[in-house]
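Just structure34.cif here, mmCIF, N, CA and C atoms, pLDDT in the B column; chains and numbers go by the auth columns:
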data_query
loop_
_atom_site.group_PDB
_atom_site.id
_atom_site.type_symbol
_atom_site.label_atom_id
_atom_site.label_comp_id
_atom_site.label_asym_id
_atom_site.label_seq_id
_atom_site.Cartn_x
_atom_site.Cartn_y
_atom_site.Cartn_z
_atom_site.B_iso_or_equiv
_atom_site.auth_seq_id
_atom_site.auth_asym_id
ATOM 1 N N MET A 1 -32.661 4.439 5.350 73.00 1288 A
ATOM 2 C CA MET A 1 -32.173 3.440 6.272 73.00 1288 A
ATOM 3 C C MET A 1 -30.728 3.091 5.904 73.00 1288 A
ATOM 4 N N THR A 2 -29.867 3.200 6.876 90.00 1289 A
ATOM 5 C CA THR A 2 -28.461 2.898 6.631 90.00 1289 A
ATOM 6 C C THR A 2 -28.222 1.390 6.712 90.00 1289 A
ATOM 7 N N ILE A 3 -27.080 0.993 6.223 95.00 1290 A
ATOM 8 C CA ILE A 3 -26.712 -0.425 6.261 95.00 1290 A
ATOM 9 C C ILE A 3 -26.576 -0.892 7.714 95.00 1290 A
ATOM 10 N N ALA A 4 -26.012 -0.047 8.565 92.00 1291 A
ATOM 11 C CA ALA A 4 -25.845 -0.425 9.971 92.00 1291 A
ATOM 12 C C ALA A 4 -27.190 -0.673 10.638 92.00 1291 A
ATOM 13 N N LEU A 5 -28.144 0.207 10.406 93.00 1292 A
ATOM 14 C CA LEU A 5 -29.470 0.025 10.992 93.00 1292 A
ATOM 15 C C LEU A 5 -30.122 -1.243 10.466 93.00 1292 A
ATOM 16 N N LEU A 6 -29.941 -1.516 9.192 95.00 1293 A
ATOM 17 C CA LEU A 6 -30.497 -2.729 8.609 95.00 1293 A
ATOM 18 C C LEU A 6 -29.903 -3.972 9.272 95.00 1293 A
ATOM 19 N N VAL A 7 -28.618 -3.959 9.506 96.00 1294 A
ATOM 20 C CA VAL A 7 -27.967 -5.086 10.171 96.00 1294 A
ATOM 21 C C VAL A 7 -28.476 -5.230 11.596 96.00 1294 A
ATOM 22 N N TYR A 8 -28.629 -4.118 12.324 95.00 1295 A
ATOM 23 C CA TYR A 8 -29.138 -4.175 13.693 95.00 1295 A
ATOM 24 C C TYR A 8 -30.548 -4.747 13.730 95.00 1295 A
ATOM 25 N N VAL A 9 -31.391 -4.316 12.809 96.00 1296 A
ATOM 26 C CA VAL A 9 -32.767 -4.810 12.764 96.00 1296 A
ATOM 27 C C VAL A 9 -32.795 -6.291 12.406 96.00 1296 A
ATOM 28 N N LEU A 10 -31.977 -6.696 11.458 97.00 1297 A
ATOM 29 C CA LEU A 10 -31.934 -8.113 11.093 97.00 1297 A
ATOM 30 C C LEU A 10 -31.419 -8.979 12.248 97.00 1297 A
ATOM 31 N N CYS A 11 -30.458 -8.485 12.990 97.00 1298 A
ATOM 32 C CA CYS A 11 -29.978 -9.229 14.164 97.00 1298 A
ATOM 33 C C CYS A 11 -31.071 -9.347 15.219 97.00 1298 A
ATOM 34 N N ALA A 12 -31.819 -8.279 15.440 97.00 1299 A
ATOM 35 C CA ALA A 12 -32.909 -8.324 16.406 97.00 1299 A
ATOM 36 C C ALA A 12 -33.990 -9.305 15.963 97.00 1299 A
ATOM 37 N N LEU A 13 -34.339 -9.277 14.697 98.00 1300 A
ATOM 38 C CA LEU A 13 -35.361 -10.194 14.191 98.00 1300 A
ATOM 39 C C LEU A 13 -34.891 -11.646 14.255 98.00 1300 A
ATOM 40 N N THR A 14 -33.622 -11.874 13.998 98.00 1301 A
ATOM 41 C CA THR A 14 -33.080 -13.233 14.095 98.00 1301 A
ATOM 42 C C THR A 14 -33.128 -13.732 15.529 98.00 1301 A
ATOM 43 N N SER A 15 -32.757 -12.887 16.473 98.00 1302 A
ATOM 44 C CA SER A 15 -32.808 -13.271 17.887 98.00 1302 A
ATOM 45 C C SER A 15 -34.244 -13.545 18.322 98.00 1302 A
ATOM 46 N N LEU A 16 -35.169 -12.709 17.874 98.00 1303 A
ATOM 47 C CA LEU A 16 -36.576 -12.908 18.220 98.00 1303 A
ATOM 48 C C LEU A 16 -37.108 -14.211 17.627 98.00 1303 A
ATOM 49 N N THR A 17 -36.746 -14.498 16.396 98.00 1304 A
ATOM 50 C CA THR A 17 -37.193 -15.736 15.753 98.00 1304 A
ATOM 51 C C THR A 17 -36.629 -16.957 16.471 98.00 1304 A
ATOM 52 N N CYS A 18 -35.349 -16.903 16.812 98.00 1305 A
ATOM 53 C CA CYS A 18 -34.742 -18.020 17.552 98.00 1305 A
ATOM 54 C C CYS A 18 -35.420 -18.212 18.901 98.00 1305 A
ATOM 55 N N ALA A 19 -35.684 -17.129 19.604 98.00 1306 A
ATOM 56 C CA ALA A 19 -36.345 -17.229 20.905 98.00 1306 A
ATOM 57 C C ALA A 19 -37.738 -17.833 20.756 98.00 1306 A
ATOM 58 N N ALA A 20 -38.482 -17.385 19.766 98.00 1307 A
ATOM 59 C CA ALA A 20 -39.840 -17.902 19.567 98.00 1307 A
ATOM 60 C C ALA A 20 -39.810 -19.392 19.225 98.00 1307 A
ATOM 61 N N LEU A 21 -38.911 -19.790 18.361 98.00 1308 A
ATOM 62 C CA LEU A 21 -38.834 -21.204 17.976 98.00 1308 A
ATOM 63 C C LEU A 21 -38.382 -22.080 19.142 98.00 1308 A
ATOM 64 N N LEU A 22 -37.420 -21.611 19.902 98.00 1309 A
ATOM 65 C CA LEU A 22 -36.960 -22.392 21.048 98.00 1309 A
ATOM 66 C C LEU A 22 -38.035 -22.500 22.123 98.00 1309 A
ATOM 67 N N LEU A 23 -38.734 -21.416 22.402 98.00 1310 A
ATOM 68 C CA LEU A 23 -39.790 -21.465 23.409 98.00 1310 A
ATOM 69 C C LEU A 23 -40.979 -22.295 22.932 98.00 1310 A
ATOM 70 N N ARG A 24 -41.259 -22.269 21.651 98.00 1311 A
ATOM 71 C CA ARG A 24 -42.320 -23.126 21.106 98.00 1311 A
ATOM 72 C C ARG A 24 -41.920 -24.597 21.222 98.00 1311 A
ATOM 73 N N GLY A 25 -40.667 -24.882 20.959 98.00 1312 A
ATOM 74 C CA GLY A 25 -40.171 -26.244 21.136 98.00 1312 A
ATOM 75 C C GLY A 25 -40.243 -26.690 22.580 98.00 1312 A
ATOM 76 N N TYR A 26 -39.953 -25.777 23.493 98.00 1313 A
ATOM 77 C CA TYR A 26 -40.067 -26.112 24.914 98.00 1313 A
ATOM 78 C C TYR A 26 -41.510 -26.416 25.291 98.00 1313 A
ATOM 79 N N ARG A 27 -42.425 -25.628 24.780 98.00 1314 A
ATOM 80 C CA ARG A 27 -43.835 -25.823 25.105 98.00 1314 A
ATOM 81 C C ARG A 27 -44.321 -27.193 24.623 98.00 1314 A
ATOM 82 N N ARG A 28 -43.773 -27.662 23.519 97.00 1315 A
ATOM 83 C CA ARG A 28 -44.180 -28.967 22.982 97.00 1315 A
ATOM 84 C C ARG A 28 -43.511 -30.134 23.692 97.00 1315 A
ATOM 85 N N SER A 29 -42.216 -30.005 23.966 97.00 1316 A
ATOM 86 C CA SER A 29 -41.477 -31.168 24.475 97.00 1316 A
ATOM 87 C C SER A 29 -41.146 -31.100 25.966 97.00 1316 A
ATOM 88 N N ARG A 30 -41.232 -29.935 26.560 95.00 1317 A
ATOM 89 C CA ARG A 30 -40.868 -29.702 27.959 95.00 1317 A
ATOM 90 C C ARG A 30 -39.413 -30.033 28.270 95.00 1317 A
ATOM 91 N N ALA A 31 -38.564 -29.932 27.265 93.00 1318 A
ATOM 92 C CA ALA A 31 -37.123 -30.085 27.484 93.00 1318 A
ATOM 93 C C ALA A 31 -36.596 -28.770 28.054 93.00 1318 A
ATOM 94 N N ARG A 32 -36.095 -28.813 29.271 93.00 1319 A
ATOM 95 C CA ARG A 32 -35.739 -27.571 29.967 93.00 1319 A
ATOM 96 C C ARG A 32 -34.613 -26.800 29.303 93.00 1319 A
ATOM 97 N N LEU A 33 -33.733 -27.483 28.603 94.00 1320 A
ATOM 98 C CA LEU A 33 -32.646 -26.780 27.921 94.00 1320 A
ATOM 99 C C LEU A 33 -33.197 -25.845 26.842 94.00 1320 A
ATOM 100 N N LEU A 34 -34.314 -26.216 26.223 96.00 1321 A
ATOM 101 C CA LEU A 34 -34.963 -25.328 25.253 96.00 1321 A
ATOM 102 C C LEU A 34 -35.487 -24.068 25.936 96.00 1321 A
ATOM 103 N N LEU A 35 -35.980 -24.223 27.154 96.00 1322 A
ATOM 104 C CA LEU A 35 -36.460 -23.055 27.901 96.00 1322 A
ATOM 105 C C LEU A 35 -35.323 -22.080 28.166 96.00 1322 A
ATOM 106 N N TRP A 36 -34.209 -22.592 28.668 96.00 1323 A
ATOM 107 C CA TRP A 36 -33.084 -21.708 28.997 96.00 1323 A
ATOM 108 C C TRP A 36 -32.511 -21.056 27.747 96.00 1323 A
ATOM 109 N N SER A 37 -32.446 -21.814 26.674 97.00 1324 A
ATOM 110 C CA SER A 37 -31.943 -21.252 25.415 97.00 1324 A
ATOM 111 C C SER A 37 -32.887 -20.195 24.864 97.00 1324 A
ATOM 112 N N GLY A 38 -34.195 -20.449 24.959 98.00 1325 A
ATOM 113 C CA GLY A 38 -35.182 -19.474 24.497 98.00 1325 A
ATOM 114 C C GLY A 38 -35.128 -18.185 25.290 98.00 1325 A
ATOM 115 N N LEU A 39 -34.982 -18.303 26.602 97.00 1326 A
ATOM 116 C CA LEU A 39 -34.864 -17.108 27.434 97.00 1326 A
ATOM 117 C C LEU A 39 -33.577 -16.348 27.133 97.00 1326 A
ATOM 118 N N CYS A 40 -32.523 -17.081 26.846 97.00 1327 A
ATOM 119 C CA CYS A 40 -31.255 -16.446 26.471 97.00 1327 A
ATOM 120 C C CYS A 40 -31.426 -15.633 25.192 97.00 1327 A
ATOM 121 N N PHE A 41 -32.054 -16.213 24.177 98.00 1328 A
ATOM 122 C CA PHE A 41 -32.237 -15.487 22.924 98.00 1328 A
ATOM 123 C C PHE A 41 -33.237 -14.339 23.072 98.00 1328 A
ATOM 124 N N ALA A 42 -34.190 -14.470 23.977 98.00 1329 A
ATOM 125 C CA ALA A 42 -35.111 -13.353 24.242 98.00 1329 A
ATOM 126 C C ALA A 42 -34.345 -12.172 24.838 98.00 1329 A
ATOM 127 N N SER A 43 -33.391 -12.463 25.712 97.00 1330 A
ATOM 128 C CA SER A 43 -32.587 -11.369 26.261 97.00 1330 A
ATOM 129 C C SER A 43 -31.629 -10.802 25.217 97.00 1330 A
ATOM 130 N N PHE A 44 -31.159 -11.650 24.286 97.00 1331 A
ATOM 131 C CA PHE A 44 -30.355 -11.132 23.179 97.00 1331 A
ATOM 132 C C PHE A 44 -31.188 -10.191 22.310 97.00 1331 A
ATOM 133 N N PHE A 45 -32.466 -10.520 22.132 98.00 1332 A
ATOM 134 C CA PHE A 45 -33.362 -9.638 21.387 98.00 1332 A
ATOM 135 C C PHE A 45 -33.480 -8.281 22.081 98.00 1332 A
ATOM 136 N N LEU A 46 -33.642 -8.300 23.399 97.00 1333 A
ATOM 137 C CA LEU A 46 -33.698 -7.030 24.137 97.00 1333 A
ATOM 138 C C LEU A 46 -32.391 -6.252 24.000 97.00 1333 A
ATOM 139 N N ASN A 47 -31.284 -6.957 24.019 96.00 1334 A
ATOM 140 C CA ASN A 47 -29.991 -6.304 23.830 96.00 1334 A
ATOM 141 C C ASN A 47 -29.930 -5.634 22.462 96.00 1334 A
ATOM 142 N N ASN A 48 -30.402 -6.318 21.424 96.00 1335 A
ATOM 143 C CA ASN A 48 -30.383 -5.741 20.080 96.00 1335 A
ATOM 144 C C ASN A 48 -31.325 -4.546 19.967 96.00 1335 A
ATOM 145 N N LEU A 49 -32.475 -4.617 20.636 96.00 1336 A
ATOM 146 C CA LEU A 49 -33.377 -3.461 20.633 96.00 1336 A
ATOM 147 C C LEU A 49 -32.731 -2.251 21.301 96.00 1336 A
ATOM 148 N N LEU A 50 -32.085 -2.498 22.432 95.00 1337 A
ATOM 149 C CA LEU A 50 -31.403 -1.391 23.110 95.00 1337 A
ATOM 150 C C LEU A 50 -30.246 -0.853 22.284 95.00 1337 A
ATOM 151 N N LEU A 51 -29.602 -1.705 21.497 94.00 1338 A
ATOM 152 C CA LEU A 51 -28.550 -1.239 20.596 94.00 1338 A
ATOM 153 C C LEU A 51 -29.126 -0.296 19.547 94.00 1338 A
ATOM 154 N N ILE A 52 -30.262 -0.646 18.991 94.00 1339 A
ATOM 155 C CA ILE A 52 -30.913 0.229 18.007 94.00 1339 A
ATOM 156 C C ILE A 52 -31.289 1.560 18.642 94.00 1339 A
ATOM 157 N N VAL A 53 -31.839 1.509 19.854 94.00 1340 A
ATOM 158 C CA VAL A 53 -32.211 2.749 20.551 94.00 1340 A
ATOM 159 C C VAL A 53 -30.971 3.576 20.854 94.00 1340 A
ATOM 160 N N ASP A 54 -29.907 2.908 21.292 92.00 1341 A
ATOM 161 C CA ASP A 54 -28.679 3.615 21.645 92.00 1341 A
ATOM 162 C C ASP A 54 -28.052 4.298 20.433 92.00 1341 A
ATOM 163 N N VAL A 55 -27.976 3.608 19.319 91.00 1342 A
ATOM 164 C CA VAL A 55 -27.266 4.137 18.156 91.00 1342 A
ATOM 165 C C VAL A 55 -28.132 5.070 17.315 91.00 1342 A
ATOM 166 N N GLN A 56 -29.406 4.758 17.171 90.00 1343 A
ATOM 167 C CA GLN A 56 -30.256 5.519 16.257 90.00 1343 A
ATOM 168 C C GLN A 56 -31.106 6.588 16.938 90.00 1343 A
ATOM 169 N N VAL A 57 -31.666 6.279 18.105 89.00 1344 A
ATOM 170 C CA VAL A 57 -32.591 7.223 18.741 89.00 1344 A
ATOM 171 C C VAL A 57 -31.847 8.227 19.619 89.00 1344 A
ATOM 172 N N PHE A 58 -30.928 7.738 20.441 89.00 1345 A
ATOM 173 C CA PHE A 58 -30.176 8.607 21.345 89.00 1345 A
ATOM 174 C C PHE A 58 -28.676 8.493 21.088 89.00 1345 A
ATOM 175 N N PRO A 59 -28.194 8.950 19.941 87.00 1346 A
ATOM 176 C CA PRO A 59 -26.759 8.796 19.666 87.00 1346 A
ATOM 177 C C PRO A 59 -25.882 9.670 20.571 87.00 1346 A
ATOM 178 N N GLN A 60 -26.457 10.688 21.181 91.00 1347 A
ATOM 179 C CA GLN A 60 -25.662 11.580 22.030 91.00 1347 A
ATOM 180 C C GLN A 60 -25.465 11.016 23.436 91.00 1347 A
ATOM 181 N N HIS A 61 -26.237 9.976 23.802 88.00 1348 A
ATOM 182 C CA HIS A 61 -26.122 9.358 25.122 88.00 1348 A
ATOM 183 C C HIS A 61 -25.443 7.999 24.985 88.00 1348 A
ATOM 184 N N ASP A 62 -24.703 7.641 26.010 88.00 1349 A
ATOM 185 C CA ASP A 62 -24.059 6.333 26.023 88.00 1349 A
ATOM 186 C C ASP A 62 -24.896 5.369 26.857 88.00 1349 A
ATOM 187 N N LEU A 63 -25.552 4.430 26.197 88.00 1350 A
ATOM 188 C CA LEU A 63 -26.383 3.449 26.880 88.00 1350 A
ATOM 189 C C LEU A 63 -25.721 2.075 26.904 88.00 1350 A
ATOM 190 N N SER A 64 -24.410 2.043 26.819 88.00 1351 A
ATOM 191 C CA SER A 64 -23.720 0.759 26.714 88.00 1351 A
ATOM 192 C C SER A 64 -23.892 -0.100 27.959 88.00 1351 A
ATOM 193 N N VAL A 65 -23.946 0.513 29.136 91.00 1352 A
ATOM 194 C CA VAL A 65 -24.136 -0.271 30.359 91.00 1352 A
ATOM 195 C C VAL A 65 -25.547 -0.848 30.397 91.00 1352 A
ATOM 196 N N ALA A 66 -26.546 -0.031 30.100 90.00 1353 A
ATOM 197 C CA ALA A 66 -27.929 -0.508 30.098 90.00 1353 A
ATOM 198 C C ALA A 66 -28.152 -1.552 29.017 90.00 1353 A
ATOM 199 N N ARG A 67 -27.472 -1.417 27.929 90.00 1354 A
ATOM 200 C CA ARG A 67 -27.645 -2.365 26.829 90.00 1354 A
ATOM 201 C C ARG A 67 -26.893 -3.666 27.095 90.00 1354 A
ATOM 202 N N SER A 68 -25.903 -3.648 27.961 94.00 1355 A
ATOM 203 C CA SER A 68 -25.159 -4.862 28.288 94.00 1355 A
ATOM 204 C C SER A 68 -25.866 -5.720 29.329 94.00 1355 A
ATOM 205 N N LEU A 69 -26.766 -5.138 30.093 96.00 1356 A
ATOM 206 C CA LEU A 69 -27.446 -5.906 31.133 96.00 1356 A
ATOM 207 C C LEU A 69 -28.250 -7.081 30.580 96.00 1356 A
ATOM 208 N N PRO A 70 -29.073 -6.904 29.543 96.00 1357 A
ATOM 209 C CA PRO A 70 -29.786 -8.076 29.016 96.00 1357 A
ATOM 210 C C PRO A 70 -28.842 -9.144 28.468 96.00 1357 A
ATOM 211 N N LEU A 71 -27.721 -8.729 27.939 95.00 1358 A
ATOM 212 C CA LEU A 71 -26.741 -9.680 27.417 95.00 1358 A
ATOM 213 C C LEU A 71 -26.165 -10.529 28.550 95.00 1358 A
ATOM 214 N N VAL A 72 -25.801 -9.899 29.636 97.00 1359 A
ATOM 215 C CA VAL A 72 -25.250 -10.621 30.785 97.00 1359 A
ATOM 216 C C VAL A 72 -26.301 -11.546 31.387 97.00 1359 A
ATOM 217 N N VAL A 73 -27.538 -11.063 31.492 97.00 1360 A
ATOM 218 C CA VAL A 73 -28.622 -11.890 32.020 97.00 1360 A
ATOM 219 C C VAL A 73 -28.855 -13.103 31.121 97.00 1360 A
ATOM 220 N N GLY A 74 -28.842 -12.898 29.817 97.00 1361 A
ATOM 221 C CA GLY A 74 -29.053 -13.998 28.885 97.00 1361 A
ATOM 222 C C GLY A 74 -27.977 -15.060 28.977 97.00 1361 A
ATOM 223 N N VAL A 75 -26.731 -14.637 29.031 97.00 1362 A
ATOM 224 C CA VAL A 75 -25.624 -15.588 29.144 97.00 1362 A
ATOM 225 C C VAL A 75 -25.697 -16.306 30.493 97.00 1362 A
ATOM 226 N N ALA A 76 -26.053 -15.581 31.555 97.00 1363 A
ATOM 227 C CA ALA A 76 -26.183 -16.203 32.879 97.00 1363 A
ATOM 228 C C ALA A 76 -27.312 -17.233 32.888 97.00 1363 A
ATOM 229 N N LEU A 77 -28.430 -16.922 32.247 95.00 1364 A
ATOM 230 C CA LEU A 77 -29.529 -17.885 32.167 95.00 1364 A
ATOM 231 C C LEU A 77 -29.116 -19.146 31.423 95.00 1364 A
ATOM 232 N N LEU A 78 -28.435 -18.981 30.313 96.00 1365 A
ATOM 233 C CA LEU A 78 -27.999 -20.146 29.549 96.00 1365 A
ATOM 234 C C LEU A 78 -26.966 -20.953 30.325 96.00 1365 A
ATOM 235 N N LEU A 79 -26.047 -20.290 30.975 96.00 1366 A
ATOM 236 C CA LEU A 79 -25.040 -20.983 31.776 96.00 1366 A
ATOM 237 C C LEU A 79 -25.691 -21.732 32.932 96.00 1366 A
ATOM 238 N N TYR A 80 -26.640 -21.098 33.598 95.00 1367 A
ATOM 239 C CA TYR A 80 -27.375 -21.761 34.692 95.00 1367 A
ATOM 240 C C TYR A 80 -28.118 -22.980 34.162 95.00 1367 A
ATOM 241 N N GLY A 81 -28.785 -22.826 33.018 93.00 1368 A
ATOM 242 C CA GLY A 81 -29.520 -23.938 32.438 93.00 1368 A
ATOM 243 C C GLY A 81 -28.603 -25.088 32.047 93.00 1368 A
ATOM 244 N N LEU A 82 -27.445 -24.781 31.488 93.00 1369 A
ATOM 245 C CA LEU A 82 -26.510 -25.835 31.110 93.00 1369 A
ATOM 246 C C LEU A 82 -25.981 -26.576 32.331 93.00 1369 A
ATOM 247 N N ILE A 83 -25.664 -25.845 33.388 93.00 1370 A
ATOM 248 C CA ILE A 83 -25.167 -26.477 34.610 93.00 1370 A
ATOM 249 C C ILE A 83 -26.271 -27.279 35.276 93.00 1370 A
ATOM 250 N N TRP A 84 -27.473 -26.727 35.328 86.00 1371 A
ATOM 251 C CA TRP A 84 -28.602 -27.400 35.974 86.00 1371 A
ATOM 252 C C TRP A 84 -28.975 -28.671 35.233 86.00 1371 A
ATOM 253 N N GLU A 85 -28.948 -28.633 33.909 81.00 1372 A
ATOM 254 C CA GLU A 85 -29.298 -29.805 33.125 81.00 1372 A
ATOM 255 C C GLU A 85 -28.241 -30.894 33.242 81.00 1372 A
ATOM 256 N N SER A 86 -26.975 -30.513 33.359 79.00 1373 A
ATOM 257 C CA SER A 86 -25.937 -31.536 33.461 79.00 1373 A
ATOM 258 C C SER A 86 -25.940 -32.170 34.846 79.00 1373 A
ATOM 259 N N ALA A 87 -26.415 -31.453 35.844 78.00 1374 A
ATOM 260 C CA ALA A 87 -26.453 -31.994 37.214 78.00 1374 A
ATOM 261 C C ALA A 87 -27.641 -32.935 37.406 78.00 1374 A
ATOM 262 N N SER A 88 -28.698 -32.782 36.622 68.00 1375 A
ATOM 263 C CA SER A 88 -29.877 -33.626 36.839 68.00 1375 A
ATOM 264 C C SER A 88 -29.975 -34.770 35.870 68.00 1375 A
#
Whole structure given in structure tokens:
Amino acid sequence: MTIALLVYVLCALTSLTCAALLLRGYRRSRARLLLWSGLCFASFFLNNLLLIVDVQVFPQHDLSVARSLPLVVGVALLLYGLIWESAS
């Protein structure tokens, strides 16, 4: 296992842990900002998984566009949640 792969895996696990903790907090308190943040980190986790697949499994293919989609969705979800929460 290379150092780069170790860093990618640790980033994915960190994103997954953050998503799980935020969604668990949402389930307990029903604070909607926790929901949007949890969904954002869940999409960051998918982005990190696709990064691992792109770099380690299929290094000959460029999956940068497919790997950027979960990132854009996650940021859009968080931005929507922040705007929605400030309006209500």
Here is a test: counting only N, CA and C atoms, which residue of A:Leu1338, A:Cys1298, A:Arg1315, A:Leu1321 is nearest to Leu1350 in chain A?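 Counting only N, CA and C atoms, the residue closest to Leu1350 in chain A is A:Leu1338.
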Tell me, as a ChimeraX atom specification, which residues lie within 7 Å of range 1302-1307 of chain A, counting all atoms listed in the file; anything in the same chain fewer than 6 positions away does not count. /A:1324-1329,1331-1332
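Once the PyMOL selection byres (((chain A and resi 1335 and name CA) around 9) and name CA) is applied to the depicted file, the selected set reads Tyr1295, Val1296, Cys1298, Ala1299, Leu1300, Ser1302, Ser1330, Phe1331, Phe1332, Leu1333, Asn1334, Leu1336, Leu1337, Leu1338, Ile1339, Val1340 and Arg1354 of chain A.
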Rank nothing, just name the residue among A:Val1344, A:Val1359, A:Leu1369, A:Ala1353 nearest to Trp1323 in chain A, using all atoms listed in the file.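 Nearest candidate to Trp1323 in chain A out of A:Val1344, A:Val1359, A:Leu1369, A:Ala1353: A:Leu1369.
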One decimal, in Å: what's the spacing between atom C of Trp1371 in chain A and atom N of Gly1312 in chain A? 18.8 Å
Extract the full set of alpha helix (DSSP H) residues from chain A according to DSSP on the backbone, and format it as a PyMOL selection string. chain A and resi 1290-1316+1319-1339+1351-1374
Separation of CA of Leu1365 in chain A from CA of Arg1319 in chain A, in Å and rounded to one decimal: 10.7 Å
